[in-house]
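Content type mmCIF, C-alpha atoms, from the file run_15.cif:
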data_structure
#
loop_
_atom_site.label_atom_id
_atom_site.label_comp_id
_atom_site.auth_asym_id
_atom_site.auth_seq_id
_atom_site.Cartn_x
_atom_site.Cartn_y
_atom_site.Cartn_z
CA MET E 1 25.66 54.99 26.35
CA LYS E 2 24.32 55.39 22.84
CA GLY E 3 21.69 57.81 21.66
CA GLN E 4 18.85 55.30 21.94
CA ASP E 5 19.76 54.68 25.56
CA TYR E 6 18.75 58.29 26.21
CA TYR E 7 15.84 58.55 23.80
CA THR E 8 14.02 55.43 25.07
CA PRO E 9 13.38 56.76 28.60
CA ALA E 10 12.64 60.19 27.09
CA ALA E 11 9.92 58.59 24.95
CA ALA E 12 8.52 56.81 28.01
CA MET E 13 8.30 60.13 29.86
CA ALA E 14 6.58 61.71 26.84
CA ILE E 15 3.98 58.94 26.72
CA ALA E 16 3.29 59.29 30.44
CA LEU E 17 2.95 63.06 30.01
CA ALA E 18 0.53 62.59 27.09
CA PHE E 19 -1.78 60.57 29.35
CA LYS E 20 -1.64 63.30 31.99
CA LEU E 21 -2.27 66.32 29.75
CA PRO E 22 -6.07 65.87 29.37
CA THR E 23 -6.42 65.72 33.15
CA LEU E 24 -4.14 68.75 33.50
CA ARG E 25 -6.35 70.78 31.16
CA LYS E 26 -9.37 70.02 33.34
CA ASN E 27 -7.60 70.59 36.67
CA TRP E 28 -4.99 73.22 35.94
CA ARG E 29 -5.20 74.61 39.47
CA ASP E 30 -4.21 71.30 41.07
CA PRO E 31 -0.62 71.89 42.31
CA LEU E 32 0.13 68.16 42.59
CA LEU E 33 -0.93 67.51 39.01
CA ARG E 34 1.09 70.48 37.77
CA SER E 35 4.11 69.18 39.67
CA VAL E 36 3.78 65.72 38.13
CA CYS E 37 3.52 67.14 34.61
CA ALA E 38 6.49 69.46 35.21
CA LEU E 39 8.53 66.52 36.48
CA LEU E 40 7.71 64.36 33.45
CA THR E 41 8.45 67.22 31.05
CA LEU E 42 11.82 68.02 32.60
CA ALA E 43 12.79 64.36 32.92
CA GLY E 44 12.10 63.80 29.24
CA ALA E 45 14.00 66.97 28.34
CA VAL E 46 17.05 65.91 30.37
CA PHE E 47 17.26 62.56 28.61
CA THR E 48 16.66 64.12 25.19
CA PHE E 49 19.21 66.92 25.44
CA ALA E 50 21.81 64.85 27.31
CA ALA E 51 22.09 62.39 24.40
CA PRO E 52 25.37 62.91 22.45
CA PRO E 53 23.57 63.33 19.08
CA THR E 54 21.35 66.05 20.56
CA ILE E 55 24.34 67.71 22.24
CA ALA E 56 26.10 67.96 18.88
CA ALA E 57 22.94 69.24 17.16
CA VAL E 58 22.29 71.95 19.77
CA ASN E 59 25.91 73.12 19.58
CA ARG E 60 25.62 73.28 15.82
CA TRP E 61 22.25 75.09 15.85
CA THR E 62 23.42 77.73 18.33
CA GLY E 63 26.87 78.10 16.82
CA VAL E 64 28.37 78.10 20.33
CA PRO E 65 30.85 75.31 21.14
CA ASN E 66 29.62 73.33 24.15
CA PHE E 67 26.45 75.38 24.61
CA SER E 68 24.69 72.09 25.40
CA ALA E 69 26.74 71.69 28.59
CA PRO E 70 25.21 74.56 30.61
CA PHE E 71 21.85 73.92 28.95
CA VAL E 72 21.79 70.31 30.16
CA TYR E 73 23.09 71.39 33.57
CA CYS E 74 20.20 73.86 33.81
CA LEU E 75 17.69 71.14 32.86
CA ILE E 76 19.13 68.81 35.49
CA THR E 77 18.93 71.59 38.08
CA ALA E 78 15.33 72.37 37.12
CA PHE E 79 14.49 68.66 37.31
CA SER E 80 15.97 68.52 40.82
CA ALA E 81 13.74 71.42 41.86
CA ALA E 82 10.70 69.76 40.25
CA CYS E 83 11.29 66.60 42.28
CA LEU E 84 11.46 68.58 45.52
CA VAL E 85 8.34 70.57 44.67
CA LEU E 86 6.46 67.39 43.76
CA ILE E 87 7.29 65.76 47.08
CA VAL E 88 6.23 68.91 48.95
CA ASN E 89 2.86 69.02 47.16
CA TRP E 90 2.39 65.27 47.31
CA ARG E 91 2.88 65.16 51.05
CA GLY E 92 0.44 68.00 51.53
CA GLY E 93 -0.13 70.06 54.65
CA PRO E 94 -1.36 73.61 55.19
CA PRO E 95 -1.74 75.15 51.68
CA GLU E 96 0.11 78.33 52.57
CA GLU E 97 3.03 76.38 54.03
CA THR E 98 3.15 74.10 50.99
CA ARG E 99 3.20 77.08 48.62
CA ARG E 100 5.89 78.81 50.67
CA VAL E 101 8.21 75.79 50.67
CA SER E 102 7.60 75.19 46.96
CA ARG E 103 8.40 78.80 46.11
CA THR E 104 11.56 78.63 48.21
CA TRP E 105 12.88 75.61 46.30
CA ILE E 106 11.92 77.11 42.94
CA LEU E 107 13.57 80.44 43.76
CA GLY E 108 16.72 78.81 45.10
CA TYR E 109 17.23 76.59 42.08
CA SER E 110 16.34 79.43 39.71
CA VAL E 111 19.26 81.36 41.18
CA VAL E 112 21.49 78.34 40.55
CA ILE E 113 20.34 78.17 36.91
CA VAL E 114 21.15 81.85 36.36
CA ALA E 115 24.54 81.38 38.01
CA LEU E 116 25.31 78.41 35.73
CA MET E 117 24.70 80.46 32.60
CA VAL E 118 26.72 83.41 33.92
CA LEU E 119 29.68 81.16 34.77
CA PHE E 120 29.55 79.57 31.31
CA VAL E 121 29.66 82.99 29.66
CA LEU E 122 32.60 84.02 31.84
CA GLY E 123 34.49 80.78 31.17
CA ASP E 124 36.30 79.68 28.04
CA SER E 125 35.47 76.30 26.46
CA PRO E 126 36.26 76.53 22.73
CA VAL E 127 36.80 72.80 22.06
CA GLU E 128 33.57 70.83 21.67
CA ARG E 129 33.35 67.84 24.02
CA LEU E 130 30.32 65.59 23.62
CA ARG E 131 31.02 63.09 26.40
CA ASP E 132 33.77 64.33 28.70
CA PHE E 133 33.04 68.03 29.12
CA ASP E 134 33.12 67.78 32.94
CA THR E 135 36.61 66.36 33.17
CA TYR E 136 38.11 68.08 30.10
CA TYR E 137 37.30 71.56 31.50
CA ALA E 138 37.60 70.63 35.19
CA ASN E 139 40.52 73.07 35.65
CA THR E 140 39.24 75.92 33.47
CA PRO E 141 38.40 79.10 35.46
CA PHE E 142 34.65 79.80 35.81
CA THR E 143 33.80 76.64 33.85
CA ARG E 144 35.25 74.71 36.77
CA GLU E 145 32.95 76.56 39.16
CA MET E 146 29.97 75.95 36.86
CA ILE E 147 30.61 72.18 36.89
CA ALA E 148 31.04 72.13 40.67
CA LEU E 149 27.87 74.22 41.19
CA TYR E 150 25.59 71.94 39.18
CA LEU E 151 26.99 68.84 40.89
CA VAL E 152 26.52 70.35 44.35
CA ALA E 153 22.97 71.51 43.53
CA HIS E 154 22.08 68.06 42.22
CA ASN E 155 23.66 66.40 45.24
CA VAL E 156 21.78 68.61 47.71
CA ALA E 157 18.47 67.76 46.01
CA ALA E 158 19.29 64.05 46.08
CA ILE E 159 20.18 64.13 49.79
CA VAL E 160 17.03 66.07 50.67
CA MET E 161 14.87 63.72 48.59
CA VAL E 162 16.31 60.64 50.26
CA ALA E 163 15.80 62.13 53.73
CA MET E 164 12.26 63.40 53.06
CA CYS E 165 11.02 60.26 51.31
CA TRP E 166 12.55 57.87 53.83
CA ARG E 167 11.14 59.80 56.80
CA TRP E 168 7.72 59.95 55.12
CA SER E 169 7.80 56.23 54.24
CA LEU E 170 8.05 55.39 57.94
CA GLN E 171 4.74 57.19 58.57
CA VAL E 172 2.57 55.63 55.83
CA ARG E 173 1.56 52.22 54.54
CA GLY E 174 0.45 50.56 51.33
CA TRP E 175 1.41 51.59 47.82
CA LEU E 176 2.47 55.04 48.95
CA ARG E 177 5.13 53.52 51.17
CA VAL E 178 6.27 51.21 48.35
CA GLY E 179 6.55 54.19 46.00
CA LEU E 180 8.52 56.23 48.50
CA VAL E 181 10.98 53.40 49.12
CA ILE E 182 11.46 53.02 45.36
CA ILE E 183 12.11 56.77 45.08
CA VAL E 184 14.72 56.47 47.82
CA ILE E 185 16.41 53.66 45.90
CA GLY E 186 16.36 55.75 42.73
CA TYR E 187 17.95 58.69 44.49
CA VAL E 188 20.62 56.48 45.99
CA PHE E 189 21.61 55.85 42.36
CA ASN E 190 21.59 59.62 41.83
CA LEU E 191 23.93 60.00 44.78
CA CYS E 192 26.20 57.39 43.19
CA TYR E 193 26.06 59.43 39.97
CA ASP E 194 27.15 62.53 41.86
CA ALA E 195 29.91 60.58 43.61
CA THR E 196 31.36 59.23 40.37
CA LYS E 197 31.20 62.63 38.67
CA MET E 198 32.75 64.43 41.63
CA THR E 199 35.47 61.81 41.97
CA ALA E 200 36.43 62.20 38.31
CA VAL E 201 36.43 66.01 38.55
CA VAL E 202 38.40 66.10 41.81
CA ALA E 203 40.87 63.65 40.28
CA ARG E 204 41.46 66.18 37.51
CA TRP E 205 41.97 68.91 40.11
CA THR E 206 44.67 66.82 41.77
CA GLY E 207 46.40 65.87 38.51
CA HIS E 208 44.98 62.37 38.12
CA ASP E 209 42.88 60.80 35.36
CA LEU E 210 39.70 58.98 36.33
CA ASP E 211 37.69 60.21 33.36
CA TRP E 212 36.19 56.76 32.80
CA LEU E 213 34.08 57.23 35.93
CA SER E 214 32.46 60.29 34.34
CA THR E 215 32.08 58.97 30.80
CA SER E 216 31.40 55.24 31.30
CA VAL E 217 29.99 54.78 34.81
CA ALA E 218 28.01 57.95 35.63
CA PRO E 219 25.61 58.04 32.60
CA PRO E 220 24.13 54.52 33.05
CA VAL E 221 23.90 55.07 36.82
CA ALA E 222 21.98 58.30 36.22
CA SER E 223 19.68 56.55 33.75
CA ILE E 224 18.89 53.78 36.22
CA GLY E 225 18.28 56.30 39.00
CA ALA E 226 15.94 58.42 36.90
CA ASN E 227 13.90 55.45 35.71
CA VAL E 228 13.65 53.91 39.18
CA SER E 229 12.60 57.26 40.67
CA ALA E 230 10.00 57.73 37.93
CA ILE E 231 8.51 54.34 38.79
CA GLY E 232 8.39 55.37 42.43
CA PHE E 233 6.52 58.57 41.59
CA VAL E 234 4.06 56.92 39.22
CA LEU E 235 3.36 53.62 41.02
CA PRO E 236 1.36 54.97 44.01
CA LEU E 237 -0.65 57.33 41.79
CA VAL E 238 -1.53 54.54 39.33
CA PHE E 239 -2.39 51.96 41.97
CA GLN E 240 -4.34 54.49 44.03
CA ARG E 241 -6.44 55.25 40.96
CA LEU E 242 -6.91 51.53 40.30
CA SER E 243 -7.84 51.00 43.93
CA ASP E 244 -10.37 53.84 43.81
CA SER E 245 -11.84 52.51 40.56
CA TRP E 246 -12.15 49.03 42.04
CA GLN E 247 -13.84 50.45 45.13
CA TYR E 248 -16.32 52.39 42.97
CA TRP E 249 -17.00 49.33 40.83
CA SER E 250 -17.45 47.12 43.89
CA THR E 251 -19.91 49.58 45.42
CA TYR E 252 -21.76 49.93 42.10
CA ARG E 253 -22.08 46.16 41.77
CA ARG E 254 -23.10 45.58 45.40
CA LEU E 255 -25.84 48.21 45.11
CA GLY E 256 -27.37 46.25 42.24
CA THR E 257 -29.88 44.27 44.31
CA LEU E 258 -31.32 47.36 46.00
CA TRP E 259 -31.32 49.32 42.74
CA ARG E 260 -33.22 46.59 40.85
CA GLU E 261 -35.69 46.18 43.71
CA LEU E 262 -36.57 49.87 43.65
CA ARG E 263 -36.44 50.16 39.86
CA ALA E 264 -39.12 47.50 39.46
CA CYS E 265 -41.65 49.64 41.34
CA GLY E 266 -40.63 53.02 39.99
CA PRO E 267 -43.15 55.41 38.45
CA LYS E 268 -44.13 54.44 34.92
CA GLY E 269 -42.72 56.64 32.24
CA ALA E 270 -40.20 58.22 34.60
CA PRO E 271 -37.18 59.52 32.72
CA SER E 272 -34.09 57.39 33.11
CA VAL E 273 -30.62 58.78 32.63
CA ARG E 274 -28.77 56.58 30.17
CA MET E 275 -25.02 56.61 30.54
CA ALA E 276 -22.59 55.86 27.73
CA TRP E 277 -20.68 52.60 28.01
CA TRP E 278 -17.46 54.55 28.39
CA SER E 279 -18.71 56.60 31.34
CA ALA E 280 -16.47 56.51 34.40
CA VAL E 281 -17.44 53.94 37.00
CA GLU E 282 -17.53 56.71 39.62
CA LEU E 283 -20.30 58.44 37.67
CA ARG E 284 -22.15 55.15 37.30
CA MET E 285 -21.98 54.59 41.05
CA ILE E 286 -23.23 58.12 41.77
CA GLN E 287 -26.08 57.66 39.30
CA ARG E 288 -27.06 54.36 40.89
CA GLU E 289 -27.08 55.95 44.35
CA SER E 290 -29.21 58.79 42.98
CA ASP E 291 -31.68 56.31 41.48
CA ILE E 292 -31.90 54.52 44.82
CA HIS E 293 -32.65 57.72 46.72
CA ASP E 294 -35.27 58.64 44.12
CA GLY E 295 -36.79 55.20 44.66
CA PHE E 296 -36.91 55.81 48.41
CA LEU E 297 -38.79 59.06 47.83
CA HIS E 298 -41.28 57.32 45.53
CA LEU E 299 -41.87 54.53 48.08
CA GLY E 300 -42.12 56.93 51.03
CA PRO E 301 -45.91 56.67 51.46
CA TYR E 302 -45.67 52.86 51.60
CA PHE E 303 -43.03 52.62 54.31
CA ASP E 304 -44.39 51.04 57.48
CA GLN E 305 -42.34 51.58 60.61
CA SER E 306 -43.84 48.49 62.20
CA HIS E 307 -42.13 46.31 59.58
CA ARG E 308 -38.84 47.94 60.40
CA ASP E 309 -39.26 47.59 64.17
CA ASP E 310 -40.22 43.93 63.86
CA ALA E 311 -37.26 43.15 61.56
CA LEU E 312 -34.89 45.04 63.85
CA ALA E 313 -35.98 42.97 66.82
CA ARG E 314 -35.58 39.74 64.84
CA ALA E 315 -32.12 40.72 63.63
CA PHE E 316 -30.95 41.51 67.16
CA ALA E 317 -32.42 38.23 68.37
CA ALA E 318 -30.44 36.41 65.67
CA GLY E 319 -27.22 37.93 67.05
CA ALA E 320 -26.59 40.67 64.47
CA ASP E 321 -24.53 43.71 65.44
CA GLU E 322 -26.17 47.12 65.50
CA GLU E 323 -25.15 48.26 61.98
CA THR E 324 -26.17 44.96 60.40
CA ALA E 325 -29.44 44.89 62.32
CA ARG E 326 -30.35 48.40 61.19
CA ALA E 327 -29.52 47.53 57.59
CA VAL E 328 -31.69 44.39 57.82
CA ALA E 329 -34.53 46.45 59.33
CA ASP E 330 -34.30 49.05 56.54
CA ALA E 331 -34.15 46.33 53.90
CA ALA E 332 -37.23 44.62 55.37
CA MET E 333 -39.16 47.89 55.32
CA VAL E 334 -38.11 48.47 51.70
CA ALA E 335 -39.13 44.95 50.70
CA ALA E 336 -42.53 45.37 52.36
CA ALA E 337 -43.00 48.78 50.73
CA VAL E 338 -42.19 47.34 47.31
CA ARG E 339 -44.87 44.68 47.77
CA ALA E 340 -47.34 47.31 49.00
CA ARG E 341 -46.61 49.48 45.97
CA ALA E 342 -47.07 46.51 43.64
CA ALA E 343 -50.47 45.87 45.24
CA ASP E 344 -51.48 49.47 44.53
CA PRO E 345 -50.87 49.82 40.76
CA GLU E 346 -53.07 52.92 40.52
CA GLY E 347 -51.10 54.72 43.24
CA ARG E 348 -54.04 55.53 45.48
CA VAL E 349 -51.80 55.64 48.55
CA ILE E 350 -49.47 58.08 46.82
CA GLY E 351 -52.38 60.32 45.93
CA ALA E 352 -53.68 60.28 49.46
CA SER E 353 -50.36 60.95 51.18
CA ASP E 354 -47.79 63.69 50.66
CA GLU E 355 -45.42 62.47 53.35
CA GLY E 356 -42.99 59.60 53.32
CA ALA E 357 -40.44 58.20 55.68
CA PRO E 358 -37.58 56.78 53.69
CA PRO E 359 -35.25 54.54 55.65
CA PRO E 360 -32.27 56.24 57.23
CA ALA E 361 -29.03 55.98 55.25
CA ASP E 362 -25.77 57.70 56.03
CA GLY E 363 -24.13 57.27 52.64
CA PRO E 364 -22.96 54.52 50.30
CA ARG E 365 -21.97 52.14 53.10
CA ASP E 366 -25.49 51.99 54.51
CA LEU E 367 -26.93 51.52 51.05
CA VAL E 368 -24.54 48.65 50.41
CA ARG E 369 -25.57 46.99 53.68
CA ILE E 370 -29.24 47.38 52.81
CA SER E 371 -28.62 45.91 49.36
CA HIS E 372 -26.74 42.98 50.88
CA ALA E 373 -29.52 42.36 53.40
CA LEU E 374 -32.15 42.38 50.64
CA ARG E 375 -30.31 39.57 48.93
CA ASN E 376 -29.07 37.47 51.84
CA SER E 377 -31.02 38.13 55.04
CA ARG E 378 -33.48 35.47 56.17
CA VAL E 379 -35.31 38.12 58.16
CA VAL E 380 -35.89 40.15 54.99
CA ALA E 381 -36.95 37.03 53.07
CA GLU E 382 -39.50 36.25 55.78
CA CYS E 383 -40.78 39.84 55.74
CA ARG E 384 -41.10 39.68 51.95
CA ARG E 385 -43.02 36.39 52.18
CA GLN E 386 -45.38 37.73 54.83
CA SER E 387 -46.00 40.90 52.80
CA SER E 388 -46.84 38.83 49.74
CA LEU E 389 -49.27 36.68 51.73
CA SER E 390 -50.98 39.66 53.32
CA GLY E 391 -51.19 41.38 49.95
CA SER E 392 -52.86 38.36 48.40
#
How does this structure look as structure tokens?
Amino acid sequence: MKGQDYYTPAAAMAIALAFKLPTLRKNWRDPLLRSVCALLTLAGAVFTFAAPPTIAAVNRWTGVPNFSAPFVYCLITAFSAACLVLIVNWRGGPPEETRRVSRTWILGYSVVIVALMVLFVLGDSPVERLRDFDTYYANTPFTREMIALYLVAHNVAAIVMVAMCWRWSLQVRGWLRVGLVIIVIGYVFNLCYDATKMTAVVARWTGHDLDWLSTSVAPPVASIGANVSAIGFVLPLVFQRLSDSWQYWSTYRRLGTLWRELRACGPKGAPSVRMAWWSAVELRMIQRESDIHDGFLHLGPYFDQSHRDDALARAFAAGADEETARAVADAAMVAAAVRARAADPEGRVIGASDEGAPPPADGPRDLVRISHALRNSRVVAECRRQSSLSGS
């Protein structure tokens, strides 16, 4: 693999991290978000410092032949720990248990990182090797143990990730399951990377030469595994956000009929919160719900329970289920109250009454049903027509 083969995925990780940093600044205490950012940072660092040009530059800057080898091994080990911690936080559970397991993985792999550096210092590797360090020094005391330790640590993380993600994927559905299966596939490539590296090293231990497995096969396999795993981590998060945004936008749009109905009879000169065009759709939905509830409070004195009872009976007679019938009844009472308010432009009823009885609503779903009934229900249309006739 050439330098650009390493730097391209590193750049992709950096771009993904750049999109996450603003959210991280706002939600620093979110362990899942911190885990994602740590994973992206370490993944980008592994690709950057594992590139042969960077290896040569780091060796030259430090003045230590092959210093890049333990440095890259430490980054790979830290990346393995970050993957495990991310999965632990992603899956969730009791906070104390999640923190305990995360700390255990971090502590264990921190010990491995320290051991890697100690073994490198104790070993002797004076000849710089940019591509075949693993096999060239496979029989060197202490350096041999360092190579074996990083491979075993990486292999343990890969096995645990495959087991955890596969077991979890059997318990969930949707994009989360798709992402977990993709992560499993990515870590199968990581296991193949470990197998090729270990085979080449063991071949050296037994006096054989299979260096091509380490230098020509393992790097592209590792690159594929890392990129596939990254897609698995990112895909559910991205599509979950898109799904949430679509749900907010759908609710916002479906509340439009009820919002416009109430807005038309709102108090004159009442302040209206204007939202910038770039405001999040979630905020727009919340604002629309707030406007609707304010409208209910304003119309309270004009609500007539008899309109609601009559519409409820008609809806049940037409075969509506209980939730739909209640929404139709509430919508009919709102429609009648709007007409009553329009017939009282000076607000005499409001001045004479301090009490209102806004229709019951148990959250956005009820409001959406009421809005839908205002637009589509024949019962509501008939109630609106009768209210207009009685008002005239």
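In terms of minimum interatomic distance to Pro70 (chain E), E:Glu145 ranks closest within E:Glu322, E:Glu145, E:Asp209, E:Asp310, counting only C-alpha atoms.
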### Task
Name all residues at most 8 Å from region 172-180 of chain E (count only C-alpha atoms; drop same-chain ones fewer than 3 positions away) and give them as a list in words.
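So the residues in contact are Cys165, Trp166, Trp168, Ser169, Ile183, Val184, Ile231, Gly232, Phe233, Val234, Leu235, Pro236, Phe239 and Gln240 of chain E.
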### Task
To verify the selection step, state as a ChimeraX atom specification which residues the PyMOL selection byres ((chain E and resi 330) around 8) yields on this input.
/E:308,326-329,331-334,359-360,370
### Query
Quick one: residues within 10 Å of Leu149 (chain E), only C-alpha atoms counted, chain neighbours fewer than 5 positions away excluded, as a list in words?
Tyr73, Thr77, Val112, Ile113, Ala115, Leu116, Leu119, Thr143, Arg144, His154 and Asn155 of chain E
Evaluate the PyMOL selection byres ((chain E and resi 282) around 10) here and jot the selected residues down as a PDB file with C-alpha atoms, in the frame of the given file.
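Wrote it out as out.pdb, contents follow:
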ATOM      1  CA  ASP E 244     -10.370  53.840  43.810  1.00  0.00           C
ATOM      2  CA  SER E 245     -11.840  52.510  40.560  1.00  0.00           C
ATOM      3  CA  TRP E 246     -12.150  49.030  42.040  1.00  0.00           C
ATOM      4  CA  GLN E 247     -13.840  50.450  45.130  1.00  0.00           C
ATOM      5  CA  TYR E 248     -16.320  52.390  42.970  1.00  0.00           C
ATOM      6  CA  TRP E 249     -17.000  49.330  40.830  1.00  0.00           C
ATOM      7  CA  THR E 251     -19.910  49.580  45.420  1.00  0.00           C
ATOM      8  CA  TYR E 252     -21.760  49.930  42.100  1.00  0.00           C
ATOM      9  CA  SER E 279     -18.710  56.600  31.340  1.00  0.00           C
ATOM     10  CA  ALA E 280     -16.470  56.510  34.400  1.00  0.00           C
ATOM     11  CA  VAL E 281     -17.440  53.940  37.000  1.00  0.00           C
ATOM     12  CA  LEU E 283     -20.300  58.440  37.670  1.00  0.00           C
ATOM     13  CA  ARG E 284     -22.150  55.150  37.300  1.00  0.00           C
ATOM     14  CA  MET E 285     -21.980  54.590  41.050  1.00  0.00           C
ATOM     15  CA  ILE E 286     -23.230  58.120  41.770  1.00  0.00           C
ATOM     16  CA  GLN E 287     -26.080  57.660  39.300  1.00  0.00           C
ATOM     17  CA  ARG E 288     -27.060  54.360  40.890  1.00  0.00           C
TER      18      ARG E 288
END
### Task
Would you mind listing what lies within 8 Å of region 18-33 of chain E as a PyMOL selection string, with all atoms listed in the file counted and same-chain residues fewer than 4 positions away left out?
chain E and resi 14+37+86+89-90
### Task
Check what the PyMOL selection byres ((chain E and resi 102-106) around 12) selects in the file above and give those residues as an MDAnalysis selection string.
chainID E and resid 31:32 35 77:92 95:101 107:113 153 156:157 160
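Counting from CA of Arg129 (chain E), the distance to CA of Phe189 (chain E) is 24.9 Å.
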### Task
Rank E:Tyr302, E:Phe67, E:Tyr137, E:Tyr7 by their smallest atom-to-atom distance to Arg339 (chain E), using all atoms listed in the file, and report the top residue only.
E:Tyr302
What are the centre and the three edge lengths of an axis-aligned box that wraps all atoms of region 111-128 of chain E in the file, given that 4 Å is added to every side, written as AutoDock Vina command-line options and rounded to one decimal in Å?
--center_x 28.0 --center_y 77.4 --center_z 31.4 --size_x 25.5 --size_y 21.2 --size_z 27.5
### Query
Suppose you want the space between CA of Ala320 (chain E) and CA of Arg378 (chain E); what is it in Å?
12.0 Å
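Interatomic distance, CA of Cys383 (chain E) to CA of Ala336 (chain E): 6.7 Å.
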### Query
At a cut-off of 9 Å from (-20.8, 47.1, 47.0) in the coordinates of the file, what residues are picked up using only C-alpha atoms, written as a ChimeraX atom specification?
/E:247-256,364-365,367-369,371-372
### Query
Taking into account only C-alpha atoms, which residue in the set E:Val217, E:Cys265, E:Ala222, E:Ala200 is nearest to Ile76 (chain E)?
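Looking at the shortest contact to Ile76 (chain E), the residue is E:Ala222.
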### Query
Ser223 (chain E): which residues within 9 Å, counting all atoms listed in the file, same-chain residues fewer than 3 positions away excluded, as a VMD selection string?
chain E and resid 5 to 6 9 47 189 to 190 218 to 220 226 to 228
Within 12 Å of file point (36.0, 54.8, 35.5), counting all atoms listed in the file, expressed as a CSV table (one decimal) with C-alpha atoms, keeping the file's coordinate frame:
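Contents of point_16.csv, freshly written:
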chain,number,residue,atom,x,y,z
E,132,ASP,CA,33.8,64.3,28.7
E,135,THR,CA,36.6,66.4,33.2
E,193,TYR,CA,26.1,59.4,40.0
E,195,ALA,CA,29.9,60.6,43.6
E,196,THR,CA,31.4,59.2,40.4
E,197,LYS,CA,31.2,62.6,38.7
E,198,MET,CA,32.8,64.4,41.6
E,199,THR,CA,35.5,61.8,42.0
E,200,ALA,CA,36.4,62.2,38.3
E,201,VAL,CA,36.4,66.0,38.6
E,203,ALA,CA,40.9,63.6,40.3
E,209,ASP,CA,42.9,60.8,35.4
E,210,LEU,CA,39.7,59.0,36.3
E,211,ASP,CA,37.7,60.2,33.4
E,212,TRP,CA,36.2,56.8,32.8
E,213,LEU,CA,34.1,57.2,35.9
E,214,SER,CA,32.5,60.3,34.3
E,215,THR,CA,32.1,59.0,30.8
E,216,SER,CA,31.4,55.2,31.3
E,217,VAL,CA,30.0,54.8,34.8
E,218,ALA,CA,28.0,58.0,35.6
E,219,PRO,CA,25.6,58.0,32.6
### Task
Within 12 Å of Leu130 (chain E), counting all atoms listed in the file, which residues show up once you throw out same-chain ones fewer than 2 positions away? Write them as a PyMOL selection string, please.
chain E and resi 1-3+49-60+65-69+72+127-128+132-136+215
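Using all atoms listed in the file, the shortest contact distance between Tyr187 (chain E) and any of E:Thr8, E:Ser229, E:Thr257, E:Asn376 is found at E:Ser229.
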## Note on the structure
Counting all atoms listed in the file, closest pick from E:Ala230, E:Arg241, E:Met161, E:Arg341 relative to Met13 (chain E) is E:Ala230
